[in-house]
$ cat data-v8.cif   # mmCIF, C-alpha atoms
data_protein
#
loop_
_atom_site.group_PDB
_atom_site.id
_atom_site.type_symbol
_atom_site.label_atom_id
_atom_site.label_comp_id
_atom_site.auth_asym_id
_atom_site.auth_seq_id
_atom_site.Cartn_x
_atom_site.Cartn_y
_atom_site.Cartn_z
ATOM 1 C CA MET A 938 -117.215 -130.585 -68.164
ATOM 2 C CA LEU A 939 -114.131 -128.395 -67.982
ATOM 3 C CA SER A 940 -113.043 -129.642 -71.387
ATOM 4 C CA ALA A 941 -116.413 -128.747 -72.902
ATOM 5 C CA CYS A 942 -116.307 -125.268 -71.354
ATOM 6 C CA CYS A 943 -112.796 -124.729 -72.708
ATOM 7 C CA ARG A 944 -113.908 -125.830 -76.188
ATOM 8 C CA LEU A 945 -116.790 -123.348 -76.020
ATOM 9 C CA ILE A 946 -114.442 -120.522 -75.055
ATOM 10 C CA ASP A 947 -111.973 -121.578 -77.777
ATOM 11 C CA LEU A 948 -114.723 -120.973 -80.346
ATOM 12 C CA LEU A 949 -114.328 -117.242 -79.698
ATOM 13 C CA GLY A 950 -111.046 -117.486 -81.606
ATOM 14 C CA ARG A 951 -112.828 -119.176 -84.517
ATOM 15 C CA PRO A 952 -116.071 -117.212 -85.000
ATOM 16 C CA GLN A 953 -116.906 -119.015 -88.253
ATOM 17 C CA GLU A 954 -117.352 -122.293 -86.282
ATOM 18 C CA ILE A 955 -119.677 -120.812 -83.631
ATOM 19 C CA PRO A 956 -122.941 -121.383 -85.567
ATOM 20 C CA PHE A 957 -122.082 -125.061 -86.110
ATOM 21 C CA LEU A 958 -120.443 -126.128 -82.855
ATOM 22 C CA SER A 959 -121.681 -123.873 -80.044
ATOM 23 C CA ASP A 960 -125.110 -125.527 -79.723
ATOM 24 C CA LEU A 961 -123.533 -128.986 -79.607
ATOM 25 C CA ILE A 962 -121.038 -127.978 -76.940
ATOM 26 C CA GLN A 963 -123.750 -126.242 -74.900
ATOM 27 C CA ARG A 964 -125.865 -129.397 -75.066
ATOM 28 C CA GLU A 965 -122.873 -131.405 -73.837
ATOM 29 C CA ILE A 966 -122.412 -129.016 -70.893
ATOM 30 C CA ILE A 967 -126.084 -129.285 -69.957
ATOM 31 C CA TYR A 968 -125.905 -133.069 -70.252
ATOM 32 C CA ARG A 969 -122.872 -133.213 -67.949
ATOM 33 C CA ILE A 970 -124.546 -130.927 -65.390
ATOM 34 C CA LEU A 971 -127.652 -133.094 -65.376
ATOM 35 C CA GLN A 972 -125.552 -136.241 -64.938
ATOM 36 C CA ALA A 973 -123.685 -134.771 -61.950
ATOM 37 C CA PRO A 974 -124.757 -135.686 -58.378
ATOM 38 C CA ALA A 975 -126.880 -132.528 -58.067
ATOM 39 C CA GLY A 976 -128.441 -133.161 -61.474
ATOM 40 C CA ALA A 977 -131.507 -134.912 -60.069
ATOM 41 C CA ARG A 978 -132.287 -131.890 -57.867
ATOM 42 C CA LEU A 979 -131.774 -129.534 -60.803
ATOM 43 C CA ARG A 980 -134.081 -131.658 -62.998
ATOM 44 C CA ALA A 981 -136.730 -131.580 -60.264
ATOM 45 C CA ILE A 982 -136.496 -127.800 -59.979
ATOM 46 C CA ALA A 983 -136.631 -127.367 -63.751
ATOM 47 C CA THR A 984 -139.621 -129.657 -64.207
ATOM 48 C CA LEU A 985 -141.471 -128.231 -61.211
ATOM 49 C CA GLY A 986 -140.380 -124.680 -61.986
ATOM 50 C CA ASP A 987 -143.869 -123.236 -62.049
ATOM 51 C CA GLN A 988 -144.857 -125.028 -58.835
ATOM 52 C CA SER A 989 -141.593 -123.980 -57.139
ATOM 53 C CA HIS A 990 -142.194 -120.383 -58.136
ATOM 54 C CA ARG A 991 -145.726 -120.500 -56.760
ATOM 55 C CA THR A 992 -144.523 -122.122 -53.553
ATOM 56 C CA ALA A 993 -141.821 -119.455 -53.216
ATOM 57 C CA LYS A 994 -144.587 -116.871 -53.500
ATOM 58 C CA ALA A 995 -146.353 -118.493 -50.539
ATOM 59 C CA ILE A 996 -143.100 -118.584 -48.551
ATOM 60 C CA ALA A 997 -142.469 -114.894 -49.263
ATOM 61 C CA TRP A 998 -146.003 -114.033 -48.139
ATOM 62 C CA LEU A 999 -145.513 -116.009 -44.907
ATOM 63 C CA ARG A 1000 -142.205 -114.284 -44.210
ATOM 64 C CA ALA A 1001 -143.813 -110.871 -44.640
ATOM 65 C CA ASN A 1002 -146.971 -111.753 -42.680
ATOM 66 C CA PHE A 1003 -145.873 -114.306 -40.073
ATOM 67 C CA SER A 1004 -147.596 -112.462 -37.230
ATOM 68 C CA LYS A 1005 -151.005 -112.707 -38.904
ATOM 69 C CA PRO A 1006 -153.268 -115.720 -38.368
ATOM 70 C CA LEU A 1007 -152.573 -118.400 -40.965
ATOM 71 C CA ARG A 1008 -155.288 -119.969 -43.035
ATOM 72 C CA VAL A 1009 -153.682 -122.507 -45.351
ATOM 73 C CA GLU A 1010 -156.618 -122.128 -47.779
ATOM 74 C CA GLU A 1011 -155.803 -118.418 -48.204
ATOM 75 C CA LEU A 1012 -152.105 -119.184 -48.579
ATOM 76 C CA ALA A 1013 -152.920 -121.721 -51.296
ATOM 77 C CA GLU A 1014 -155.045 -119.102 -53.038
ATOM 78 C CA ILE A 1015 -152.184 -116.582 -52.873
ATOM 79 C CA ALA A 1016 -149.922 -119.190 -54.456
ATOM 80 C CA GLY A 1017 -152.530 -120.134 -57.045
ATOM 81 C CA MET A 1018 -152.466 -123.780 -55.980
ATOM 82 C CA GLY A 1019 -154.712 -126.306 -54.307
ATOM 83 C CA VAL A 1020 -154.220 -126.861 -50.587
ATOM 84 C CA SER A 1021 -152.765 -130.367 -50.943
ATOM 85 C CA THR A 1022 -150.502 -129.320 -53.832
ATOM 86 C CA LEU A 1023 -149.203 -126.353 -51.830
ATOM 87 C CA HIS A 1024 -148.633 -128.546 -48.788
ATOM 88 C CA HIS A 1025 -146.718 -131.117 -50.860
ATOM 89 C CA HIS A 1026 -144.469 -128.582 -52.604
ATOM 90 C CA PHE A 1027 -144.042 -126.464 -49.472
ATOM 91 C CA CYS A 1028 -142.804 -129.502 -47.544
ATOM 92 C CA LYS A 1029 -140.508 -130.409 -50.425
ATOM 93 C CA LEU A 1030 -138.876 -126.951 -50.455
ATOM 94 C CA THR A 1031 -138.761 -126.212 -46.714
ATOM 95 C CA ALA A 1032 -138.937 -129.685 -45.112
ATOM 96 C CA MET A 1033 -141.861 -128.462 -42.980
ATOM 97 C CA SER A 1034 -145.534 -127.574 -43.297
ATOM 98 C CA PRO A 1035 -146.716 -123.946 -43.618
ATOM 99 C CA PRO A 1036 -147.864 -123.777 -39.952
ATOM 100 C CA GLN A 1037 -144.519 -125.209 -38.764
ATOM 101 C CA TYR A 1038 -142.684 -122.684 -40.937
ATOM 102 C CA GLN A 1039 -144.776 -119.838 -39.536
ATOM 103 C CA LYS A 1040 -144.128 -121.026 -35.981
ATOM 104 C CA GLN A 1041 -140.380 -121.049 -36.620
ATOM 105 C CA LEU A 1042 -140.512 -117.523 -38.088
ATOM 106 C CA ARG A 1043 -142.487 -116.290 -35.079
ATOM 107 C CA LEU A 1044 -140.145 -117.886 -32.553
ATOM 108 C CA GLN A 1045 -137.047 -116.500 -34.283
ATOM 109 C CA ALA A 1046 -138.580 -113.020 -34.493
ATOM 110 C CA ALA A 1047 -139.641 -113.086 -30.834
ATOM 111 C CA ARG A 1048 -136.162 -114.209 -29.791
ATOM 112 C CA GLY A 1049 -134.644 -111.352 -31.771
ATOM 113 C CA ARG A 1050 -137.003 -108.810 -30.195
ATOM 114 C CA MET A 1051 -136.264 -110.050 -26.670
ATOM 115 C CA LEU A 1052 -132.533 -110.089 -27.323
ATOM 116 C CA THR A 1053 -132.143 -106.744 -29.087
ATOM 117 C CA ASP A 1054 -135.060 -104.683 -27.754
ATOM 118 C CA GLY A 1055 -135.278 -106.104 -24.249
ATOM 119 C CA LEU A 1056 -138.920 -107.165 -24.536
ATOM 120 C CA ASP A 1057 -140.284 -109.604 -21.983
ATOM 121 C CA ALA A 1058 -141.526 -112.971 -23.245
ATOM 122 C CA ALA A 1059 -145.242 -112.135 -23.103
ATOM 123 C CA SER A 1060 -144.829 -108.870 -25.033
ATOM 124 C CA ALA A 1061 -142.665 -110.545 -27.663
ATOM 125 C CA ALA A 1062 -145.178 -113.394 -27.954
ATOM 126 C CA PHE A 1063 -148.122 -111.085 -28.601
ATOM 127 C CA GLU A 1064 -146.076 -108.929 -30.964
ATOM 128 C CA VAL A 1065 -145.265 -111.880 -33.251
ATOM 129 C CA GLY A 1066 -148.836 -113.150 -33.313
ATOM 130 C CA TYR A 1067 -149.245 -115.549 -30.403
ATOM 131 C CA GLU A 1068 -152.566 -115.313 -28.593
ATOM 132 C CA SER A 1069 -151.355 -117.207 -25.530
ATOM 133 C CA ALA A 1070 -148.165 -116.479 -23.614
ATOM 134 C CA SER A 1071 -148.182 -119.980 -22.110
ATOM 135 C CA GLN A 1072 -148.397 -121.578 -25.566
ATOM 136 C CA PHE A 1073 -145.528 -119.352 -26.679
ATOM 137 C CA ASN A 1074 -143.435 -120.409 -23.664
ATOM 138 C CA ARG A 1075 -144.070 -124.112 -24.364
ATOM 139 C CA GLU A 1076 -143.212 -123.820 -28.061
ATOM 140 C CA TYR A 1077 -140.201 -121.616 -27.364
ATOM 141 C CA SER A 1078 -138.828 -124.089 -24.807
ATOM 142 C CA ARG A 1079 -139.375 -126.983 -27.187
ATOM 143 C CA PHE A 1080 -137.683 -125.155 -30.096
ATOM 144 C CA PHE A 1081 -134.731 -123.487 -28.315
ATOM 145 C CA GLY A 1082 -134.297 -125.998 -25.482
ATOM 146 C CA GLN A 1083 -135.038 -123.671 -22.562
ATOM 147 C CA PRO A 1084 -137.632 -121.097 -21.464
ATOM 148 C CA PRO A 1085 -137.468 -117.676 -23.154
ATOM 149 C CA MET A 1086 -135.906 -115.537 -20.437
ATOM 150 C CA ARG A 1087 -133.329 -118.174 -19.474
ATOM 151 C CA ASP A 1088 -132.400 -118.520 -23.156
ATOM 152 C CA ILE A 1089 -132.018 -114.752 -23.542
ATOM 153 C CA ARG A 1090 -129.886 -114.506 -20.371
ATOM 154 C CA SER A 1091 -127.606 -117.286 -21.622
ATOM 155 C CA LEU A 1092 -127.317 -115.666 -25.071
ATOM 156 C CA ARG A 1093 -126.420 -112.341 -23.483
ATOM 157 C CA SER A 1094 -123.834 -113.960 -21.219
ATOM 158 C CA LEU A 1095 -122.260 -115.639 -24.264
ATOM 159 C CA ASN A 1096 -122.025 -112.278 -26.038
ATOM 160 C CA ALA A 1097 -120.748 -110.322 -23.002
ATOM 161 C CA PRO A 1098 -117.093 -111.423 -23.354
ATOM 162 C CA GLN A 1099 -117.181 -110.593 -27.062
ATOM 163 C CA LEU A 1100 -118.555 -107.126 -26.333
ATOM 164 C CA GLU A 1101 -115.854 -106.510 -23.705
ATOM 165 C CA SER A 1102 -113.089 -107.489 -26.141
ATOM 166 C CA VAL A 1103 -114.526 -105.168 -28.804
ATOM 167 C CA ALA A 1104 -114.562 -102.283 -26.320
ATOM 168 C CA SER A 1105 -110.906 -102.863 -25.387
#

$ encode --input "data-v8.cif" --output "structure tokens"
Amino acid sequence: MLSACCRLIDLLGRPQEIPFLSDLIQREIIYRILQAPAGARLRAIATLGDQSHRTAKAIAWLRANFSKPLRVEELAEIAGMGVSTLHHHFCKLTAMSPPQYQKQLRLQAARGRMLTDGLDAASAAFEVGYESASQFNREYSRFFGQPPMRDIRSLRSLNAPQLESVAS
């Protein structure tokens, strides 16, 4: 690959050869990239480009609207895909379903609000779109390994020594 790139750059010193050789060398570079270990992933992205773009549109919408109720049918419509196609490509790109992805976004946002703004768990839960504080507590504990307020206290205690050293 390096050799092919060097040959392509060397053509700059011989402009009369560019029209004849540059396309061949570029094809060789593309071939070598596609034969590399990551080549299969690149081929998949290139061949599913339109689907990946549509799925990325759905992901962007979810990130901007995670606190709203999720209807996968509406998300599929936003992406311009069928529900099963969206689900398949969404799982391929994120390794989780749209509702799982939304849940993770909500939990991360709630954790951030509790940590930085001092919100209690129930307020943070409702702010990020949960309708039930008890459901939020269960999902939070499952995701972060401990109940919300205990998690926030432990995060703050971990950061306290760092804050003291910055102040010194």

$ closest_residue --input "data-v8.cif" --among "A:Arg1043, A:Ser959, A:Glu1014, A:Gln988" --to "Arg1000 in chain A" --atoms "all atoms listed in the file"
A:Arg1043

$ resolve_selection --input "data-v8.cif" --expression "the PyMOL selection byres ((chain A and resi 1015) around 12)" --output "list in words"
His990, Arg991, Thr992, Ala993, Lys994, Ala995, Ile996, Ala997, Trp998, Leu999, Arg1008, Val1009, Glu1010, Glu1011, Leu1012, Ala1013, Glu1014, Ala1016, Gly1017, Met1018, Gly1019, Val1020 and Leu1023 of chain A

$ axis_aligned_box --input "data-v8.cif" --around "range 952-962 of chain A" --padding-each-side "4 Å" --output "AutoDock Vina command-line options"
--center_x -120.6 --center_y -123.1 --center_z -82.6 --size_x 17.0 --size_y 19.8 --size_z 19.3

$ closest_residue --input "data-v8.cif" --among "A:Gly1066, A:Pro1006, A:Gly1055, A:Pro956" --to "Met1086 in chain A" --atoms "all atoms listed in the file"
A:Gly1055

$ resolve_selection --input "data-v8.cif" --expression "the PyMOL selection byres ((chain A and resi 1089) around 10)" --output "PyMOL selection string"
chain A and resi 1048-1049+1051-1053+1055+1057-1058+1083-1088+1090-1095

$ write_last_selection --input "data-v8.cif" --atoms "C-alpha atoms" --output "CSV table (one decimal), in the frame of the given file"
chain,number,residue,atom,x,y,z
A,1048,ARG,CA,-136.2,-114.2,-29.8
A,1049,GLY,CA,-134.6,-111.4,-31.8
A,1051,MET,CA,-136.3,-110.0,-26.7
A,1052,LEU,CA,-132.5,-110.1,-27.3
A,1053,THR,CA,-132.1,-106.7,-29.1
A,1055,GLY,CA,-135.3,-106.1,-24.2
A,1057,ASP,CA,-140.3,-109.6,-22.0
A,1058,ALA,CA,-141.5,-113.0,-23.2
A,1083,GLN,CA,-135.0,-123.7,-22.6
A,1084,PRO,CA,-137.6,-121.1,-21.5
A,1085,PRO,CA,-137.5,-117.7,-23.2
A,1086,MET,CA,-135.9,-115.5,-20.4
A,1087,ARG,CA,-133.3,-118.2,-19.5
A,1088,ASP,CA,-132.4,-118.5,-23.2
A,1090,ARG,CA,-129.9,-114.5,-20.4
A,1091,SER,CA,-127.6,-117.3,-21.6
A,1092,LEU,CA,-127.3,-115.7,-25.1
A,1093,ARG,CA,-126.4,-112.3,-23.5
A,1094,SER,CA,-123.8,-114.0,-21.2
A,1095,LEU,CA,-122.3,-115.6,-24.3

$ residues_near_point --input "data-v8.cif" --point "(-120.8, -124.3, -77.6)" --cutoff "9 Å" --atoms "all atoms listed in the file" --output "MDAnalysis selection string"
chainID A and resid 941:942 944:946 948 955:966

$ closest_residue --input "data-v8.cif" --among "A:Val1065, A:Pro974, A:Gln953, A:Tyr968" --to "Lys1005 in chain A" --atoms "all atoms listed in the file"
A:Val1065

$ resolve_selection --input "data-v8.cif" --expression "the PyMOL selection byres ((chain A and resi 1038) around 12)" --output "PDB file with C-alpha atoms, in the coordinates of the input"
ATOM      1  CA  ALA A 995    -146.353-118.493 -50.539  1.00  0.00           C
ATOM      2  CA  ILE A 996    -143.100-118.584 -48.551  1.00  0.00           C
ATOM      3  CA  ALA A 997    -142.469-114.894 -49.263  1.00  0.00           C
ATOM      4  CA  TRP A 998    -146.003-114.033 -48.139  1.00  0.00           C
ATOM      5  CA  LEU A 999    -145.513-116.009 -44.907  1.00  0.00           C
ATOM      6  CA  ARG A1000    -142.205-114.284 -44.210  1.00  0.00           C
ATOM      7  CA  ASN A1002    -146.971-111.753 -42.680  1.00  0.00           C
ATOM      8  CA  PHE A1003    -145.873-114.306 -40.073  1.00  0.00           C
ATOM      9  CA  SER A1004    -147.596-112.462 -37.230  1.00  0.00           C
ATOM     10  CA  LEU A1007    -152.573-118.400 -40.965  1.00  0.00           C
ATOM     11  CA  VAL A1009    -153.682-122.507 -45.351  1.00  0.00           C
ATOM     12  CA  HIS A1024    -148.633-128.546 -48.788  1.00  0.00           C
ATOM     13  CA  PHE A1027    -144.042-126.464 -49.472  1.00  0.00           C
ATOM     14  CA  CYS A1028    -142.804-129.502 -47.544  1.00  0.00           C
ATOM     15  CA  LEU A1030    -138.876-126.951 -50.455  1.00  0.00           C
ATOM     16  CA  THR A1031    -138.761-126.212 -46.714  1.00  0.00           C
ATOM     17  CA  ALA A1032    -138.937-129.685 -45.112  1.00  0.00           C
ATOM     18  CA  MET A1033    -141.861-128.462 -42.980  1.00  0.00           C
ATOM     19  CA  SER A1034    -145.534-127.574 -43.297  1.00  0.00           C
ATOM     20  CA  PRO A1035    -146.716-123.946 -43.618  1.00  0.00           C
ATOM     21  CA  PRO A1036    -147.864-123.777 -39.952  1.00  0.00           C
ATOM     22  CA  GLN A1037    -144.519-125.209 -38.764  1.00  0.00           C
ATOM     23  CA  GLN A1039    -144.776-119.838 -39.536  1.00  0.00           C
ATOM     24  CA  LYS A1040    -144.128-121.026 -35.981  1.00  0.00           C
ATOM     25  CA  GLN A1041    -140.380-121.049 -36.620  1.00  0.00           C
ATOM     26  CA  LEU A1042    -140.512-117.523 -38.088  1.00  0.00           C
ATOM     27  CA  ARG A1043    -142.487-116.290 -35.079  1.00  0.00           C
ATOM     28  CA  LEU A1044    -140.145-117.886 -32.553  1.00  0.00           C
ATOM     29  CA  GLN A1045    -137.047-116.500 -34.283  1.00  0.00           C
TER      30      GLN A1045
END

$ atom_distance --input "data-v8.cif" --atom1 "CA of Phe1080 in chain A" --atom2 "CA of Ser1060 in chain A"
18.5 Å

$ atom_distance --input "data-v8.cif" --atom1 "CA of Ala975 in chain A" --atom2 "CA of Met938 in chain A"
14.1 Å

$ atom_distance --input "data-v8.cif" --atom1 "CA of Gly976 in chain A" --atom2 "CA of His1026 in chain A"
18.9 Å

$ residues_around --input "data-v8.cif" --residues "Glu1068 in chain A" --least-positions-apart "5" --cutoff "10 Å" --atoms "only C-alpha atoms" --output "PyMOL selection string"
chain A and resi 1006+1059+1062-1063+1073

$ closest_residue --input "data-v8.cif" --among "A:Arg978, A:Cys943, A:Arg1079, A:Ala973" --to "Lys1029 in chain A" --atoms "all atoms listed in the file"
A:Arg978

$ closest_residue --input "data-v8.cif" --among "A:Asp1054, A:Gly1082, A:Ser989, A:Asn1074" --to "His1025 in chain A" --atoms "only C-alpha atoms"
A:Ser989

$ closest_residue --input "data-v8.cif" --among "A:Arg980, A:Arg951, A:Arg1050, A:Arg1075" --to "Ile967 in chain A" --atoms "only C-alpha atoms"
A:Arg980

$ decode --input "data-v8.cif" --residues "range 1048-1068 of chain A" --atoms "N, CA, C and O atoms" --output "tab-separated table (two decimals), in the first residue's frame"
chain	number	residue	atom	x	y	z
A	1048	ARG	N	-28.11	10.83	34.64
A	1048	ARG	CA	-26.91	10.77	35.49
A	1048	ARG	C	-26.17	12.09	35.43
A	1048	ARG	O	-25.73	12.63	36.45
A	1049	GLY	N	-26.03	12.63	34.23
A	1049	GLY	CA	-25.36	13.92	34.07
A	1049	GLY	C	-26.08	15.04	34.81
A	1049	GLY	O	-25.45	15.87	35.46
A	1050	ARG	N	-27.41	15.05	34.71
A	1050	ARG	CA	-28.20	16.09	35.40
A	1050	ARG	C	-28.08	15.97	36.92
A	1050	ARG	O	-27.97	16.97	37.62
A	1051	MET	N	-28.10	14.75	37.43
A	1051	MET	CA	-27.97	14.56	38.88
A	1051	MET	C	-26.57	14.96	39.35
A	1051	MET	O	-26.42	15.58	40.41
A	1052	LEU	N	-25.58	14.63	38.55
A	1052	LEU	CA	-24.20	14.89	38.93
A	1052	LEU	C	-23.86	16.38	38.84
A	1052	LEU	O	-23.30	16.94	39.77
A	1053	THR	N	-24.24	17.02	37.75
A	1053	THR	CA	-23.83	18.42	37.56
A	1053	THR	C	-24.82	19.44	38.13
A	1053	THR	O	-24.42	20.49	38.60
A	1054	ASP	N	-26.12	19.11	38.07
A	1054	ASP	CA	-27.13	20.09	38.51
A	1054	ASP	C	-27.74	19.77	39.86
A	1054	ASP	O	-28.60	20.50	40.34
A	1055	GLY	N	-27.34	18.66	40.45
A	1055	GLY	CA	-27.82	18.30	41.77
A	1055	GLY	C	-29.28	17.88	41.83
A	1055	GLY	O	-29.89	17.93	42.89
A	1056	LEU	N	-29.84	17.44	40.72
A	1056	LEU	CA	-31.23	16.99	40.73
A	1056	LEU	C	-31.36	15.69	41.52
A	1056	LEU	O	-30.44	14.88	41.55
A	1057	ASP	N	-32.52	15.49	42.13
A	1057	ASP	CA	-32.78	14.20	42.77
A	1057	ASP	C	-33.18	13.21	41.68
A	1057	ASP	O	-33.49	13.60	40.55
A	1058	ALA	N	-33.20	11.93	42.00
A	1058	ALA	CA	-33.44	10.89	41.01
A	1058	ALA	C	-34.81	11.03	40.34
A	1058	ALA	O	-34.92	10.89	39.12
A	1059	ALA	N	-35.85	11.30	41.12
A	1059	ALA	CA	-37.19	11.40	40.54
A	1059	ALA	C	-37.28	12.56	39.55
A	1059	ALA	O	-37.83	12.41	38.45
A	1060	SER	N	-36.72	13.71	39.91
A	1060	SER	CA	-36.77	14.87	39.01
A	1060	SER	C	-35.99	14.59	37.73
A	1060	SER	O	-36.46	14.91	36.62
A	1061	ALA	N	-34.82	13.99	37.86
A	1061	ALA	CA	-34.02	13.65	36.69
A	1061	ALA	C	-34.76	12.65	35.81
A	1061	ALA	O	-34.77	12.77	34.58
A	1062	ALA	N	-35.41	11.67	36.44
A	1062	ALA	CA	-36.15	10.66	35.69
A	1062	ALA	C	-37.25	11.29	34.85
A	1062	ALA	O	-37.36	10.99	33.65
A	1063	PHE	N	-38.05	12.15	35.45
A	1063	PHE	CA	-39.15	12.77	34.72
A	1063	PHE	C	-38.62	13.72	33.64
A	1063	PHE	O	-39.19	13.82	32.56
A	1064	GLU	N	-37.50	14.38	33.92
A	1064	GLU	CA	-36.94	15.32	32.97
A	1064	GLU	C	-36.47	14.62	31.69
A	1064	GLU	O	-36.54	15.19	30.60
A	1065	VAL	N	-35.95	13.40	31.80
A	1065	VAL	CA	-35.45	12.69	30.62
A	1065	VAL	C	-36.50	11.80	29.97
A	1065	VAL	O	-36.20	11.08	29.02
A	1066	GLY	N	-37.73	11.85	30.47
A	1066	GLY	CA	-38.81	11.15	29.79
A	1066	GLY	C	-39.38	9.93	30.46
A	1066	GLY	O	-40.29	9.29	29.92
A	1067	TYR	N	-38.90	9.58	31.65
A	1067	TYR	CA	-39.49	8.44	32.36
A	1067	TYR	C	-40.82	8.86	32.95
A	1067	TYR	O	-40.98	9.99	33.43
A	1068	GLU	N	-41.78	7.96	32.94
A	1068	GLU	CA	-43.08	8.22	33.54
A	1068	GLU	C	-43.17	7.65	34.94
A	1068	GLU	O	-44.07	8.00	35.71
